[in-house]
$ cat model04.cif   # mmCIF, C-alpha atoms and all ligand atoms
data_run
#
loop_
_atom_site.group_PDB
_atom_site.id
_atom_site.type_symbol
_atom_site.label_atom_id
_atom_site.label_comp_id
_atom_site.auth_asym_id
_atom_site.auth_seq_id
_atom_site.Cartn_x
_atom_site.Cartn_y
_atom_site.Cartn_z
ATOM 1 C CA MET A 1 90.273 76.534 117.223
ATOM 2 C CA GLU A 2 88.750 79.608 115.647
ATOM 3 C CA PHE A 3 90.469 82.996 115.471
ATOM 4 C CA ASP A 4 88.661 86.271 114.815
ATOM 5 C CA PHE A 5 91.323 88.352 113.101
ATOM 6 C CA GLU A 6 89.216 91.483 113.554
ATOM 7 C CA VAL A 7 89.773 91.410 117.326
ATOM 8 C CA LEU A 8 93.129 89.614 117.692
ATOM 9 C CA SER A 9 96.241 91.505 118.780
ATOM 10 C CA LYS A 10 98.953 92.235 116.217
ATOM 11 C CA ALA A 11 101.350 89.846 117.983
ATOM 12 C CA VAL A 12 98.939 86.913 117.861
ATOM 13 C CA ARG A 13 98.043 87.585 114.222
ATOM 14 C CA TYR A 14 101.756 87.583 113.370
ATOM 15 C CA LYS A 15 102.313 84.345 115.276
ATOM 16 C CA LEU A 16 99.435 82.542 113.568
ATOM 17 C CA LEU A 17 100.117 83.803 110.051
ATOM 18 C CA CYS A 18 103.857 83.237 110.129
ATOM 19 C CA SER A 19 103.598 79.822 111.800
ATOM 20 C CA PHE A 20 101.092 78.467 109.307
ATOM 21 C CA VAL A 21 102.026 80.203 106.066
ATOM 22 C CA ALA A 22 105.240 78.213 106.092
ATOM 23 C CA PRO A 23 107.781 77.314 104.951
ATOM 24 C CA ARG A 24 108.472 80.690 103.340
ATOM 25 C CA PRO A 25 111.344 81.217 100.932
ATOM 26 C CA ILE A 26 114.025 83.608 102.091
ATOM 27 C CA ALA A 27 115.503 86.464 100.082
ATOM 28 C CA LEU A 28 118.927 87.479 101.347
ATOM 29 C CA VAL A 29 119.077 90.995 99.912
ATOM 30 C CA THR A 30 122.184 93.061 99.283
ATOM 31 C CA THR A 31 121.938 96.798 98.687
ATOM 32 C CA VAL A 32 124.354 99.690 98.732
ATOM 33 C CA SER A 33 123.787 103.102 100.312
ATOM 34 C CA THR A 34 124.379 106.407 98.557
ATOM 35 C CA ASP A 35 127.613 106.571 100.629
ATOM 36 C CA GLY A 36 128.731 103.268 99.113
ATOM 37 C CA VAL A 37 128.240 101.099 102.245
ATOM 38 C CA HIS A 38 127.004 97.589 101.517
ATOM 39 C CA ASN A 39 124.098 96.113 103.444
ATOM 40 C CA ALA A 40 122.623 92.612 103.644
ATOM 41 C CA ALA A 41 119.373 91.454 105.266
ATOM 42 C CA PRO A 42 117.031 88.450 105.013
ATOM 43 C CA PHE A 43 113.317 88.726 104.181
ATOM 44 C CA SER A 44 110.807 85.893 104.186
ATOM 45 C CA PHE A 45 107.894 88.017 103.033
ATOM 46 C CA PHE A 46 109.252 87.236 99.609
ATOM 47 C CA ASN A 47 108.362 85.450 96.440
ATOM 48 C CA VAL A 48 108.644 85.427 92.671
ATOM 49 C CA PHE A 49 105.569 87.004 91.143
ATOM 50 C CA GLY A 50 105.900 86.330 87.459
ATOM 51 C CA ASP A 51 108.260 85.757 84.584
ATOM 52 C CA GLU A 52 106.959 88.250 81.990
ATOM 53 C CA PRO A 53 108.192 90.631 83.238
ATOM 54 C CA PRO A 54 110.353 88.708 85.739
ATOM 55 C CA ILE A 55 109.235 90.157 89.064
ATOM 56 C CA VAL A 56 110.164 89.408 92.676
ATOM 57 C CA ILE A 57 108.365 90.922 95.631
ATOM 58 C CA LEU A 58 109.554 91.801 99.151
ATOM 59 C CA GLY A 59 107.503 92.939 102.142
ATOM 60 C CA ILE A 60 109.706 95.101 104.365
ATOM 61 C CA GLN A 61 108.249 96.301 107.627
ATOM 62 C CA ASP A 62 109.264 99.661 109.063
ATOM 63 C CA ARG A 63 111.212 99.666 112.333
ATOM 64 C CA PRO A 64 109.124 99.929 115.519
ATOM 65 C CA ASP A 65 109.890 103.697 115.645
ATOM 66 C CA GLY A 66 108.499 104.115 112.119
ATOM 67 C CA ARG A 67 111.832 104.607 110.339
ATOM 68 C CA PRO A 68 112.441 102.483 107.243
ATOM 69 C CA LYS A 69 114.939 99.633 107.435
ATOM 70 C CA ASP A 70 118.284 100.196 105.684
ATOM 71 C CA THR A 71 117.266 97.862 102.851
ATOM 72 C CA THR A 72 114.148 99.937 102.109
ATOM 73 C CA LYS A 73 116.082 103.190 102.192
ATOM 74 C CA ASN A 74 118.862 101.891 99.953
ATOM 75 C CA ILE A 75 116.449 100.399 97.419
ATOM 76 C CA LYS A 76 114.495 103.652 97.223
ATOM 77 C CA ASP A 77 117.668 105.766 96.996
ATOM 78 C CA THR A 78 119.479 103.676 94.377
ATOM 79 C CA GLY A 79 116.756 101.622 92.653
ATOM 80 C CA GLU A 80 118.888 98.459 92.785
ATOM 81 C CA PHE A 81 119.254 95.302 94.864
ATOM 82 C CA VAL A 82 120.357 91.669 94.622
ATOM 83 C CA VAL A 83 118.248 88.770 95.945
ATOM 84 C CA HIS A 84 120.175 85.644 96.984
ATOM 85 C CA MET A 85 118.822 82.226 97.819
ATOM 86 C CA THR A 86 120.206 80.594 100.965
ATOM 87 C CA ASP A 87 121.260 77.020 101.720
ATOM 88 C CA ARG A 88 122.395 75.362 104.973
ATOM 89 C CA GLU A 89 126.018 76.397 104.443
ATOM 90 C CA ILE A 90 125.226 80.103 104.589
ATOM 91 C CA GLY A 91 122.200 79.875 106.909
ATOM 92 C CA ARG A 92 124.073 81.022 110.029
ATOM 93 C CA ALA A 93 125.521 84.112 108.322
ATOM 94 C CA MET A 94 122.142 84.876 106.674
ATOM 95 C CA VAL A 95 120.487 85.052 110.105
ATOM 96 C CA ASP A 96 123.359 87.147 111.509
ATOM 97 C CA CYS A 97 122.558 89.714 108.795
ATOM 98 C CA ALA A 98 119.220 90.306 110.578
ATOM 99 C CA VAL A 99 121.045 91.817 113.562
ATOM 100 C CA ASP A 100 120.200 95.508 113.707
ATOM 101 C CA PHE A 101 123.620 96.904 112.796
ATOM 102 C CA GLU A 102 124.093 100.663 112.497
ATOM 103 C CA PRO A 103 123.822 101.840 108.856
ATOM 104 C CA GLU A 104 127.546 102.674 108.659
ATOM 105 C CA ILE A 105 128.506 99.050 109.470
ATOM 106 C CA ASP A 106 129.271 96.923 106.407
ATOM 107 C CA GLU A 107 127.168 93.882 107.299
ATOM 108 C CA LEU A 108 128.836 91.733 104.683
ATOM 109 C CA SER A 109 132.330 91.902 106.171
ATOM 110 C CA GLU A 110 130.818 91.826 109.680
ATOM 111 C CA THR A 111 129.116 88.475 108.986
ATOM 112 C CA GLY A 112 131.963 87.018 106.932
ATOM 113 C CA PHE A 113 130.315 87.041 103.517
ATOM 114 C CA CYS A 114 132.506 87.708 100.467
ATOM 115 C CA LEU A 115 131.146 89.891 97.694
ATOM 116 C CA ALA A 116 131.829 89.757 93.980
ATOM 117 C CA PRO A 117 130.817 92.561 91.611
ATOM 118 C CA SER A 118 127.405 92.134 90.029
ATOM 119 C CA ILE A 119 127.043 92.375 86.270
ATOM 120 C CA LYS A 120 124.290 94.997 85.871
ATOM 121 C CA VAL A 121 123.724 96.602 89.280
ATOM 122 C CA LYS A 122 125.924 98.299 91.853
ATOM 123 C CA PRO A 123 125.200 96.101 94.927
ATOM 124 C CA GLY A 124 127.605 93.174 94.882
ATOM 125 C CA ARG A 125 126.589 89.532 95.012
ATOM 126 C CA ILE A 126 127.405 87.069 97.791
ATOM 127 C CA VAL A 127 129.894 84.597 96.368
ATOM 128 C CA ASP A 128 128.774 81.544 98.393
ATOM 129 C CA ALA A 129 125.049 81.919 97.658
ATOM 130 C CA PRO A 130 123.669 79.244 95.327
ATOM 131 C CA ALA A 131 121.787 81.816 93.237
ATOM 132 C CA ALA A 132 121.749 85.596 92.931
ATOM 133 C CA MET A 133 119.178 87.716 91.084
ATOM 134 C CA GLU A 134 120.164 91.250 90.180
ATOM 135 C CA CYS A 135 117.095 93.480 90.378
ATOM 136 C CA ARG A 136 116.062 96.988 89.405
ATOM 137 C CA LEU A 137 113.283 98.628 91.358
ATOM 138 C CA GLU A 138 110.019 98.496 89.443
ATOM 139 C CA GLN A 139 107.619 99.908 92.034
ATOM 140 C CA THR A 140 107.158 100.436 95.747
ATOM 141 C CA VAL A 141 103.815 100.359 97.527
ATOM 142 C CA GLU A 142 103.601 102.034 100.928
ATOM 143 C CA TYR A 143 101.140 99.968 102.905
ATOM 144 C CA VAL A 144 100.418 100.428 106.620
ATOM 145 C CA GLY A 145 103.848 100.417 108.216
ATOM 146 C CA ARG A 146 105.648 98.565 105.484
ATOM 147 C CA THR A 147 107.000 98.946 102.001
ATOM 148 C CA ILE A 148 106.159 96.379 99.380
ATOM 149 C CA VAL A 149 108.963 96.284 96.829
ATOM 150 C CA LEU A 150 108.541 94.969 93.296
ATOM 151 C CA GLY A 151 111.866 94.301 91.604
ATOM 152 C CA ARG A 152 112.537 93.346 88.004
ATOM 153 C CA VAL A 153 115.196 90.652 87.642
ATOM 154 C CA VAL A 154 117.700 91.853 85.040
ATOM 155 C CA HIS A 155 120.395 89.223 85.533
ATOM 156 C CA MET A 156 120.754 85.904 87.349
ATOM 157 C CA GLN A 157 123.880 84.082 88.444
ATOM 158 C CA VAL A 158 123.633 80.426 89.482
ATOM 159 C CA ARG A 159 126.473 78.501 91.139
ATOM 160 C CA ASP A 160 127.770 76.049 88.519
ATOM 161 C CA ASP A 161 127.192 72.918 90.602
ATOM 162 C CA CYS A 162 123.481 73.724 91.061
ATOM 163 C CA ILE A 163 122.418 73.485 87.426
ATOM 164 C CA ASP A 164 122.843 71.189 84.432
ATOM 165 C CA PRO A 165 124.401 73.432 81.780
ATOM 166 C CA GLU A 166 122.748 71.494 78.931
ATOM 167 C CA THR A 167 119.160 71.162 80.151
ATOM 168 C CA LEU A 168 119.172 74.065 82.666
ATOM 169 C CA TYR A 169 117.432 71.718 85.104
ATOM 170 C CA VAL A 170 118.303 72.400 88.716
ATOM 171 C CA ASP A 171 120.343 69.657 90.418
ATOM 172 C CA SER A 172 118.089 69.073 93.405
ATOM 173 C CA ALA A 173 120.692 66.906 95.167
ATOM 174 C CA ILE A 174 122.912 69.992 95.314
ATOM 175 C CA TYR A 175 120.553 72.983 95.346
ATOM 176 C CA GLN A 176 118.704 72.669 98.624
ATOM 177 C CA PRO A 177 117.431 76.073 99.713
ATOM 178 C CA ILE A 178 116.358 76.636 103.282
ATOM 179 C CA ALA A 179 113.040 78.263 104.120
ATOM 180 C CA ARG A 180 111.616 79.821 107.253
ATOM 181 C CA LEU A 181 109.140 78.010 109.466
ATOM 182 C CA HIS A 182 108.196 79.798 112.703
ATOM 183 C CA ALA A 183 110.412 81.817 115.047
ATOM 184 C CA ASP A 184 114.009 80.545 114.761
ATOM 185 C CA PHE A 185 113.062 77.363 112.905
ATOM 186 C CA TYR A 186 114.023 76.589 109.325
ATOM 187 C CA ILE A 187 113.629 73.688 106.937
ATOM 188 C CA ALA A 188 115.944 72.457 104.215
ATOM 189 C CA SER A 189 114.895 70.789 100.982
ATOM 190 C CA GLU A 190 116.451 67.323 101.320
ATOM 191 C CA ASP A 191 113.137 65.446 101.451
ATOM 192 C CA GLN A 192 111.930 66.112 97.928
ATOM 193 C CA PHE A 193 109.198 64.061 96.296
ATOM 194 C CA GLU A 194 107.244 64.205 93.084
ATOM 195 C CA ILE A 195 103.516 64.572 92.496
ATOM 196 C CA HIS A 196 102.853 64.294 88.789
ATOM 197 C CA LYS A 197 100.095 66.555 87.431
ATOM 198 C CA PRO A 198 98.006 64.304 85.189
ATOM 199 C CA THR A 199 96.560 65.312 81.855
ATOM 200 C CA MET A 200 92.755 65.117 81.782
ATOM 201 C CA THR A 201 93.037 61.747 79.973
ATOM 202 C CA GLU A 202 95.390 60.374 82.633
ATOM 203 C CA TYR A 203 93.168 61.750 85.371
ATOM 204 C CA LEU A 204 90.050 60.078 83.999
ATOM 205 C CA ALA A 205 91.871 56.773 83.414
ATOM 206 C CA GLN A 206 93.186 56.865 86.986
ATOM 207 C CA LYS A 207 89.710 57.635 88.300
ATOM 208 C CA LYS A 208 88.160 54.798 86.304
ATOM 209 C CA ALA A 209 90.793 52.345 87.551
ATOM 210 C CA ASN A 210 90.566 53.319 91.200
ATOM 211 C CA GLY A 211 87.051 54.659 91.545
ATOM 212 C CA ARG A 212 88.591 57.761 93.042
ATOM 213 C CA VAL A 213 91.817 59.719 92.621
ATOM 214 C CA ARG A 214 92.847 60.838 96.084
ATOM 215 C CA ASN A 215 95.053 58.326 97.939
ATOM 216 C CA SER A 216 95.092 56.094 94.878
HETATM 217 C C1 LIG A 301 114.846 84.600 108.205
HETATM 218 C C2 LIG A 301 114.416 86.030 108.441
HETATM 219 C C3 LIG A 301 113.388 86.554 107.682
HETATM 220 C C4 LIG A 301 112.991 87.889 107.861
HETATM 221 N N1 LIG A 301 111.973 88.379 107.101
HETATM 222 C C5 LIG A 301 111.627 89.666 107.194
HETATM 223 C C6 LIG A 301 110.612 90.199 106.346
HETATM 224 O O1 LIG A 301 110.048 89.533 105.492
HETATM 225 N N2 LIG A 301 110.310 91.527 106.496
HETATM 226 C C7 LIG A 301 110.945 92.325 107.388
HETATM 227 O O2 LIG A 301 110.637 93.525 107.465
HETATM 228 N N3 LIG A 301 111.920 91.839 108.199
HETATM 229 C C8 LIG A 301 112.278 90.550 108.111
HETATM 230 N N4 LIG A 301 113.280 90.046 108.910
HETATM 231 C C9 LIG A 301 114.004 90.965 109.787
HETATM 232 C C10 LIG A 301 115.071 91.748 109.022
HETATM 233 O O3 LIG A 301 115.991 90.887 108.385
HETATM 234 C C11 LIG A 301 115.820 92.669 110.006
HETATM 235 O O4 LIG A 301 114.932 93.648 110.478
HETATM 236 C C12 LIG A 301 117.060 93.297 109.422
HETATM 237 O O5 LIG A 301 117.820 93.846 110.500
HETATM 238 C C13 LIG A 301 116.778 94.426 108.461
HETATM 239 O O6 LIG A 301 118.043 94.917 108.058
HETATM 240 P P1 LIG A 301 118.300 96.316 107.401
HETATM 241 O O7 LIG A 301 117.892 97.411 108.377
HETATM 242 O O8 LIG A 301 119.786 96.247 107.161
HETATM 243 O O9 LIG A 301 117.516 96.368 106.127
HETATM 244 C C14 LIG A 301 113.653 88.712 108.807
HETATM 245 C C15 LIG A 301 114.672 88.162 109.601
HETATM 246 C C16 LIG A 301 115.048 86.826 109.427
HETATM 247 C C17 LIG A 301 116.139 86.245 110.269
#
$ encode --input "model04.cif" --output "C-alpha cells"
Amino acid sequence: MEFDFEVLSKAVRYKLLCSFVAPRPIALVTTVSTDGVHNAAPFSFFNVFGDEPPIVILGIQDRPDGRPKDTTKNIKDTGEFVVHMTDREIGRAMVDCAVDFEPEIDELSETGFCLAPSIKVKPGRIVDAPAAMECRLEQTVEYVGRTIVLGRVVHMQVRDDCIDPETLYVDSAIYQPIARLHADFYIASEDQFEIHKPTMTEYLAQKKANGRVRNS
C-alpha cells in the first residue's frame, strides 16, 4: 500500500508512524514542580543522541487544548529531570503514570513507585527502575505543537544486578527493557541475538567463501 503523507489525516499519520517505527524505547521521566510536587510520565518519542556530550532527547506533545504537559512545564521551570528505563516488573506502573492526573497529584505515590534522592538533581529517582539518568536541560525546541527537549546526562545510576562491576558490560539476562510497539502493545528484550559486524577482511573472506554475504 502507498500512503501520501501530504494528504493523510493526522490520526492516520500517527497510526502508521507509531506502528512501524517500533519498538521504541521508553523514557519514564520524573520531574518536580516549583511547588515541590513530583511528577512521572512515560515518553516513547525518546532516544540517546550522543555521548560527547551525553545527550538524550524527548518529544513531548502539547495537550489537545494547547497547554504543555506537566513534564514540559516542570523541565522548563527547573531545568532538571531524570530518565528511567523500564522493565516488565514496573511496566504496569509506568503506563499508569500516563493517566492525566491533576498537577497537584503526586503521581509517584499514586502509582506506587518509591523515590530515592538523586545525586545531582532535585527530581528523585524511581528505586525499582533498572537504570536512571539524571539530566540537566540543555535546550528546548518548540516545534508545531510539541516541545523537543535535549537533556545532558550528568549522572547515571544502574541497579547492581544489571551490570558486571568489573567489565561494565550489561547483564542481558537480567536487564531486559520493554519498548513500545503500537497502541497498548509492548515488547520485552528476552529474545536477544547477535549479528557480528565483520571487518572488511572478514567480510571479503565471507563473500569469497559463500559467493554472497546475505543469508550466508
Ligand atoms: C508508553 C507511553 C509512551 C508515551 N509517549 C509519549 C511521547 O513520546 N510524547 C508525549 O507527548 N506523550 C507520550 N505519552 C503520553 C504521556 O505519557 C501522557 O500524556 C502523560 O499524561 C503526560 O504526563 P504529564 O502531564 O504528567 O507530563 C506516552 C504514554 C505512554 C503510555
$ closest_residue --input "model04.cif" --among "A:Lys76, A:Lys120, A:Lys207, A:His155" --to "Glu142 of chain A" --atoms "only C-alpha atoms"
A:Lys76
$ axis_aligned_box --input "model04.cif" --around "ligand LIG 301 (chain A)" --padding-each-side "3 Å" --output "lines of an AutoDock Vina configuration file"
center_x = 114.9
center_y = 91.0
center_z = 108.0
size_x = 15.7
size_y = 18.8
size_z = 11.0
$ residues_near_point --input "model04.cif" --point "(109.1, 74.2, 108.5)" --cutoff "12 Å" --atoms "all atoms listed in the file" --output "count of residues only"
21
$ closest_residue --input "model04.cif" --among "A:Asp62, A:Glu104, A:Glu134, A:Asp87" --to "ligand LIG 301 (chain A)" --atoms "all atoms listed in the file"
A:Asp62
$ resolve_selection --input "model04.cif" --expression "the PyMOL selection byres (((chain A and resi 97) around 9) and not hetatm)" --output "VMD selection string"
chain A and resid 28 39 to 42 92 to 96 98 to 101 107 to 108 110 to 111
$ atom_distance --input "model04.cif" --atom1 "atom CA of His38 of chain A" --atom2 "atom CA of Gln61 of chain A"
19.8 Å
$ atom_distance --input "model04.cif" --atom1 "atom CA of Val121 of chain A" --atom2 "atom CA of Glu166 of chain A"
27.2 Å
$ atom_distance --input "model04.cif" --atom1 "atom CA of Phe43 of chain A" --atom2 "atom CA of Thr72 of chain A"
11.4 Å
$ residues_around --input "model04.cif" --residues "Ser172 of chain A" --least-positions-apart "4" --cutoff "10 Å" --atoms "all atoms listed in the file" --output "PDB file with C-alpha atoms, in the frame of the given file"
ATOM      1  CA  CYS A 162     123.481  73.724  91.061  1.00  0.00           C
ATOM      2  CA  ILE A 163     122.418  73.485  87.426  1.00  0.00           C
ATOM      3  CA  GLN A 176     118.704  72.669  98.624  1.00  0.00           C
ATOM      4  CA  PRO A 177     117.431  76.073  99.713  1.00  0.00           C
ATOM      5  CA  SER A 189     114.895  70.789 100.982  1.00  0.00           C
ATOM      6  CA  GLU A 190     116.451  67.323 101.320  1.00  0.00           C
ATOM      7  CA  GLN A 192     111.930  66.112  97.928  1.00  0.00           C
TER       8      GLN A 192
END
$ closest_residue --input "model04.cif" --among "A:Ala11, A:Cys114, A:Cys135, A:Ile126" --to "His84 of chain A" --atoms "only C-alpha atoms"
A:Ile126
$ closest_atom_pairs --input "model04.cif" --of "segment 78-171 of chain A" --to "segment 50-60 of chain A" --cutoff "7 Å" --atoms "all atoms listed in the file" --output "Markdown table"
| residue | atom | partner | partner_atom | distance |
| --- | --- | --- | --- | --- |
| A:Arg146 | CA | A:Ile60 | CA | 5.5 |
| A:Thr147 | CA | A:Ile60 | CA | 5.3 |
| A:Ile148 | CA | A:Gly59 | CA | 4.6 |
| A:Val149 | CA | A:Leu58 | CA | 5.1 |
| A:Leu150 | CA | A:Ile57 | CA | 4.7 |
| A:Gly151 | CA | A:Val56 | CA | 5.3 |
| A:Arg152 | CA | A:Ile55 | CA | 4.7 |
| A:Val153 | CA | A:Pro54 | CA | 5.6 |
$ write_last_selection --input "model04.cif" --atoms "C-alpha atoms" --output "compact mmCIF listing (two decimals), in the coordinates of the input"
# COMPACT_ATOMS: atom_id res chain seq x y z
CA ARG A 146 105.65 98.56 105.48
CA THR A 147 107.00 98.95 102.00
CA ILE A 148 106.16 96.38 99.38
CA VAL A 149 108.96 96.28 96.83
CA LEU A 150 108.54 94.97 93.30
CA GLY A 151 111.87 94.30 91.60
CA ARG A 152 112.54 93.35 88.00
CA VAL A 153 115.20 90.65 87.64
$ closest_residue --input "model04.cif" --among "A:Glu6, A:Glu102, A:Asp65, A:Asp35" --to "ligand LIG 301 (chain A)" --atoms "all atoms listed in the file"
A:Glu102
$ resolve_selection --input "model04.cif" --expression "the PyMOL selection byres (((chain A and resi 119) around 12) and not hetatm)" --output "list in words"
Phe81, Val82, Ala116, Pro117, Ser118, Lys120, Val121, Lys122, Pro123, Gly124, Arg125, Ala132, Met133, Glu134, Cys135, Val154, His155, Met156 and Gln157 of chain A
$ write_last_selection --input "model04.cif" --atoms "C-alpha atoms" --output "CSV table (one decimal), in the coordinates of the input"
chain,number,residue,atom,x,y,z
A,81,PHE,CA,119.3,95.3,94.9
A,82,VAL,CA,120.4,91.7,94.6
A,116,ALA,CA,131.8,89.8,94.0
A,117,PRO,CA,130.8,92.6,91.6
A,118,SER,CA,127.4,92.1,90.0
A,120,LYS,CA,124.3,95.0,85.9
A,121,VAL,CA,123.7,96.6,89.3
A,122,LYS,CA,125.9,98.3,91.9
A,123,PRO,CA,125.2,96.1,94.9
A,124,GLY,CA,127.6,93.2,94.9
A,125,ARG,CA,126.6,89.5,95.0
A,132,ALA,CA,121.7,85.6,92.9
A,133,MET,CA,119.2,87.7,91.1
A,134,GLU,CA,120.2,91.2,90.2
A,135,CYS,CA,117.1,93.5,90.4
A,154,VAL,CA,117.7,91.9,85.0
A,155,HIS,CA,120.4,89.2,85.5
A,156,MET,CA,120.8,85.9,87.3
A,157,GLN,CA,123.9,84.1,88.4
$ closest_residue --input "model04.cif" --among "A:Pro103, A:Gly36, A:Gly66, A:Gly79" --to "ligand LIG 301 (chain A)" --atoms "all atoms listed in the file"
A:Pro103
$ closest_residue --input "model04.cif" --among "A:Val37, A:Val48, A:Ile174, A:Ile26" --to "ligand LIG 301 (chain A)" --atoms "all atoms listed in the file"
A:Ile26
